[in-house]
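Everything below concerns the one structure shown next.
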Amino acid sequence: MLRVLDRLEEILISVLMAAAVIVIFISVTHRFSASWAADLVRFGRANDMEMLMTGARNAYRWISSINLTWAQELCIYLFVWMAKFGAAYGVRLGIHVGVDVLVERLEGTARTLITAIAMSGGIIFTGIVAWIGADFVWHIRQGGQLSPDLEWPMWIIYLAVPLGSALMCFRFIQALYWFLTTGYVAHHDHETVEGVDAEAEDLSKGGHG
């Protein structure tokens, strides 16, 4: 089941990211196409090029008839959902920014205790956000609020908060379980980041020099 959940999480984030990129690309292309068509109309008029002016004017009218005022709003919602589920994905992989200077210096029981407290704090915080978010979504649904441009039910948009926070809470619980049973703490491998090895080698050489 965990593998299925992991895969669904990755697919959802990928789909949201791809959809946002496509919408942004279409919106920008639409905006610049209208601008180029208007420039061609002015160019044709200035140079007495009737065919060019007529064609550009028709193209401008057709492009302007396409309503993409909802694109920006949709992109915002896609990024909100992507950020919430991406945060849970970050907990699973251990890629969130953290200050672990003190923890790295501790050993034995002290290190276990501090790490468990930190993870428990994440569980409590995300659990509270999920609970408050669910309550907020319930009241928004009762009010029947719609989004300005897309006219979608806003409770569906805000559903990203309780769902994403609940998944993040589960990931913290999962991380705490792994730590208490195996001692494993997910962390980002800096060696997979391009340029880190070379930079570390340069610093090492500089230190020896």
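Identifiers in this document derive from the order of the structure tokens: chains are assigned A, B, ..., residues are numbered from 1 separately in each chain, and ligands are numbered from 1 in order of occurrence.
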Neighbour list for range 21-38 of chain A as a PyMOL selection string, cut-off 8 Å, only C-alpha atoms, skip fewer than 6 positions in-chain
chain A and resi 56-57+59-60+63-64+68+71-72+75
Under the rule that only C-alpha atoms are counted, which of A:Phe43, A:Trp62, A:Phe125, A:Trp81 is the nearest residue to Leu16 in chain A?
A:Trp81
One decimal, Å: what's the distance from CA of Ala186 in chain A over to CA of Tyr89 in chain A, could you say?
11.4 Å
Pick out the closest residue to Phe170 in chain A from this set: A:Gly144, A:Gly108, A:Gly122, A:Gly44. Count only C-alpha atoms.
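Distance minimum relative to Phe170 in chain A lands on A:Gly122.
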Give the alpha helix (DSSP H) residues of range 25-187 of chain A, as assigned by DSSP on the backbone, as a VMD selection string.
chain A and resid 25 to 46 50 to 65 71 to 93 101 to 105 108 to 143 154 to 158 160 to 182
List the spatial neighbours of Ala130 in chain A as a PyMOL selection string - criterion: any atom at most 6 Å away, only C-alpha atoms, same-chain residues fewer than 6 positions off excluded.
chain A and resi 162+165-166
Report the distance between CA of Ile11 in chain A and CA of Ile128 in chain A in Å, rounded to one decimal place.
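So the two atoms, CA of Ile11 in chain A and CA of Ile128 in chain A, lie 26.4 Å apart.
Shortest separation to His139 in chain A among A:Val41, A:Ile123, A:Leu159, A:Cys169 occurs at residue A:Leu159, atoms counted being only C-alpha atoms.
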Shell around Ala20 in chain A at 8 Å using only C-alpha atoms, local window under 5 positions removed, as an NGL selection string
:A and (74-75 or 78-79)
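Interatomic distance, CA of Trp178 in chain A against CA of Ser14 in chain A: 26.3 Å.
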Which is closest to Ala87 in chain A among A:Ala19, A:Thr126, A:Tyr177, A:Pro153, if we use only C-alpha atoms?
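Among the listed residues, A:Thr126 lies closest to Ala87 in chain A.
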